[in-house]
Amino acid sequence: MQPRWVCRLIGWLYAALGVAGTLSRELGAYFRFTPVEAYIYLALGVWAIWAARRRTRTSVLALLSIGLLSFAWAASPWLGLPPAAAQTIGAQQPLDLVLRGLVAIWGVGTAVKAVMDWRASHRSTTA
């Protein structure tokens, strides 16, 4: 897939989660949002949507950054996040971890593939 499409899809997913968290604070028994968590989702979503409308390298950089942030956010319980920060962000729900992990894999994977494709095309034109 094109990096811009992946960036746009991730952006809309995170923006929808951010809006849902801002409006209701929970979605059934699946998601419970703290205000900080909802605004983080919203900010990352808006950033990804904005980056998808820019140049390809901007969307690749956004995908890499959002993917790494999502991985760090999903792995924060195992990375030793300070208790005050963990309380501010909120408890990790299983569906949160799955979505953040998938976004991390998809975002970083797409960014790496786009860079490798660019390098291959650049190498073929200079040889």
# chains A, B, ... in the order shown; residues from 1 in each chain; ligands from 1
$ select_by_dssp --residues "chain A" --states "helix (DSSP H, G or I)" --output "VMD selection string"
chain A and resid 3 to 24 35 to 52 56 to 74 76 to 79 83 to 89 94 to 126
$ write_last_selection --atoms "C-alpha atoms" --output "mmCIF file, in the first residue's frame"
data_model
loop_
_atom_site.group_PDB
_atom_site.id
_atom_site.type_symbol
_atom_site.label_atom_id
_atom_site.label_comp_id
_atom_site.auth_asym_id
_atom_site.auth_seq_id
_atom_site.Cartn_x
_atom_site.Cartn_y
_atom_site.Cartn_z
ATOM 1 C CA PRO A 3 2.380 5.361 2.560
ATOM 2 C CA ARG A 4 -0.160 8.145 2.155
ATOM 3 C CA TRP A 5 -3.104 5.712 2.276
ATOM 4 C CA VAL A 6 -1.741 3.946 5.341
ATOM 5 C CA CYS A 7 -1.080 7.290 7.003
ATOM 6 C CA ARG A 8 -4.615 8.416 6.219
ATOM 7 C CA LEU A 9 -6.173 5.182 7.544
ATOM 8 C CA ILE A 10 -4.162 5.312 10.767
ATOM 9 C CA GLY A 11 -5.023 8.979 11.115
ATOM 10 C CA TRP A 12 -8.754 8.396 10.770
ATOM 11 C CA LEU A 13 -8.622 5.454 13.182
ATOM 12 C CA TYR A 14 -6.814 7.477 15.842
ATOM 13 C CA ALA A 15 -8.953 10.567 15.216
ATOM 14 C CA ALA A 16 -12.138 8.515 15.614
ATOM 15 C CA LEU A 17 -10.820 7.041 18.856
ATOM 16 C CA GLY A 18 -9.882 10.515 20.059
ATOM 17 C CA VAL A 19 -13.306 11.961 19.273
ATOM 18 C CA ALA A 20 -15.053 8.982 20.868
ATOM 19 C CA GLY A 21 -12.881 9.331 23.959
ATOM 20 C CA THR A 22 -13.472 13.060 24.160
ATOM 21 C CA LEU A 23 -17.238 12.715 23.861
ATOM 22 C CA SER A 24 -18.044 9.639 25.915
ATOM 23 C CA PRO A 35 -8.898 12.831 28.951
ATOM 24 C CA VAL A 36 -5.147 12.734 28.292
ATOM 25 C CA GLU A 37 -5.434 9.501 26.348
ATOM 26 C CA ALA A 38 -8.300 10.829 24.232
ATOM 27 C CA TYR A 39 -6.368 13.979 23.351
ATOM 28 C CA ILE A 40 -3.252 11.963 22.497
ATOM 29 C CA TYR A 41 -5.310 9.819 20.118
ATOM 30 C CA LEU A 42 -6.875 12.927 18.615
ATOM 31 C CA ALA A 43 -3.550 14.723 18.188
ATOM 32 C CA LEU A 44 -1.862 11.719 16.567
ATOM 33 C CA GLY A 45 -4.864 11.226 14.291
ATOM 34 C CA VAL A 46 -4.953 14.828 13.125
ATOM 35 C CA TRP A 47 -1.184 14.778 12.602
ATOM 36 C CA ALA A 48 -1.413 11.613 10.472
ATOM 37 C CA ILE A 49 -4.282 13.004 8.388
ATOM 38 C CA TRP A 50 -2.340 16.235 7.857
ATOM 39 C CA ALA A 51 0.830 14.319 6.910
ATOM 40 C CA ALA A 52 -1.075 12.152 4.427
ATOM 41 C CA THR A 56 5.374 11.296 0.515
ATOM 42 C CA ARG A 57 8.428 11.823 2.694
ATOM 43 C CA THR A 58 6.290 13.724 5.220
ATOM 44 C CA SER A 59 3.803 10.869 5.409
ATOM 45 C CA VAL A 60 6.645 8.335 5.733
ATOM 46 C CA LEU A 61 8.169 10.331 8.583
ATOM 47 C CA ALA A 62 4.763 10.595 10.276
ATOM 48 C CA LEU A 63 4.177 6.856 9.871
ATOM 49 C CA LEU A 64 7.548 6.051 11.380
ATOM 50 C CA SER A 65 7.038 8.468 14.265
ATOM 51 C CA ILE A 66 3.468 7.413 15.025
ATOM 52 C CA GLY A 67 4.442 3.758 14.732
ATOM 53 C CA LEU A 68 7.305 4.147 17.205
ATOM 54 C CA LEU A 69 5.154 6.214 19.575
ATOM 55 C CA SER A 70 2.390 3.619 19.393
ATOM 56 C CA PHE A 71 4.887 0.861 20.130
ATOM 57 C CA ALA A 72 6.298 2.747 23.108
ATOM 58 C CA TRP A 73 2.781 3.498 24.331
ATOM 59 C CA ALA A 74 1.718 -0.151 24.001
ATOM 60 C CA SER A 76 4.898 1.214 28.415
ATOM 61 C CA PRO A 77 3.751 -1.222 31.153
ATOM 62 C CA TRP A 78 6.787 -3.392 30.425
ATOM 63 C CA LEU A 79 9.206 -0.496 29.902
ATOM 64 C CA PRO A 83 3.348 5.347 38.242
ATOM 65 C CA ALA A 84 2.265 9.002 38.003
ATOM 66 C CA ALA A 85 2.448 8.908 34.197
ATOM 67 C CA ALA A 86 0.615 5.578 34.091
ATOM 68 C CA GLN A 87 -2.230 7.034 36.165
ATOM 69 C CA THR A 88 -2.430 10.130 33.960
ATOM 70 C CA ILE A 89 -2.543 8.178 30.709
ATOM 71 C CA PRO A 94 -6.429 -5.327 25.899
ATOM 72 C CA LEU A 95 -8.021 -3.808 22.782
ATOM 73 C CA ASP A 96 -5.865 -0.689 23.245
ATOM 74 C CA LEU A 97 -2.746 -2.820 23.225
ATOM 75 C CA VAL A 98 -3.811 -4.737 20.132
ATOM 76 C CA LEU A 99 -4.677 -1.591 18.159
ATOM 77 C CA ARG A 100 -1.510 0.224 19.169
ATOM 78 C CA GLY A 101 0.593 -2.825 18.368
ATOM 79 C CA LEU A 102 -1.004 -3.212 14.937
ATOM 80 C CA VAL A 103 -0.581 0.494 14.211
ATOM 81 C CA ALA A 104 3.067 0.254 15.263
ATOM 82 C CA ILE A 105 3.744 -2.743 13.023
ATOM 83 C CA TRP A 106 1.793 -1.321 10.094
ATOM 84 C CA GLY A 107 3.236 2.190 10.374
ATOM 85 C CA VAL A 108 6.881 1.235 10.826
ATOM 86 C CA GLY A 109 6.630 -1.563 8.262
ATOM 87 C CA THR A 110 5.128 0.720 5.630
ATOM 88 C CA ALA A 111 7.698 3.436 6.323
ATOM 89 C CA VAL A 112 10.617 1.005 6.055
ATOM 90 C CA LYS A 113 9.204 -0.513 2.857
ATOM 91 C CA ALA A 114 8.745 2.946 1.307
ATOM 92 C CA VAL A 115 12.347 3.874 2.102
ATOM 93 C CA MET A 116 13.647 0.571 0.746
ATOM 94 C CA ASP A 117 11.612 1.014 -2.462
ATOM 95 C CA TRP A 118 12.935 4.545 -2.840
ATOM 96 C CA ARG A 119 16.510 3.335 -2.352
ATOM 97 C CA ALA A 120 16.039 0.578 -4.925
ATOM 98 C CA SER A 121 14.633 3.001 -7.500
ATOM 99 C CA HIS A 122 17.353 5.544 -6.740
ATOM 100 C CA ARG A 123 20.055 2.913 -7.072
ATOM 101 C CA SER A 124 18.704 1.740 -10.437
ATOM 102 C CA THR A 125 18.688 5.277 -11.899
ATOM 103 C CA THR A 126 22.250 6.081 -10.839
#
$ select_by_dssp --residues "chain A" --states "strand (DSSP E)" --output "PyMOL selection string"
chain A and resi 26-27+31-32
$ write_last_selection --atoms "N, CA and C atoms" --output "short mmCIF file (atom, residue, chain, number, x, y, z; two decimals), in the first residue's frame"
data_model
loop_
_atom_site.label_atom_id
_atom_site.label_comp_id
_atom_site.auth_asym_id
_atom_site.auth_seq_id
_atom_site.Cartn_x
_atom_site.Cartn_y
_atom_site.Cartn_z
N GLU A 26 -15.91 6.29 27.26
CA GLU A 26 -15.84 4.84 27.12
C GLU A 26 -16.71 4.38 25.96
N LEU A 27 -16.29 3.29 25.36
CA LEU A 27 -17.06 2.65 24.29
C LEU A 27 -17.41 1.25 24.78
N PHE A 31 -13.36 -0.01 25.52
CA PHE A 31 -12.44 1.11 25.68
C PHE A 31 -12.88 1.99 26.83
N ARG A 32 -11.93 2.38 27.64
CA ARG A 32 -12.14 3.42 28.64
C ARG A 32 -11.04 4.44 28.45
#
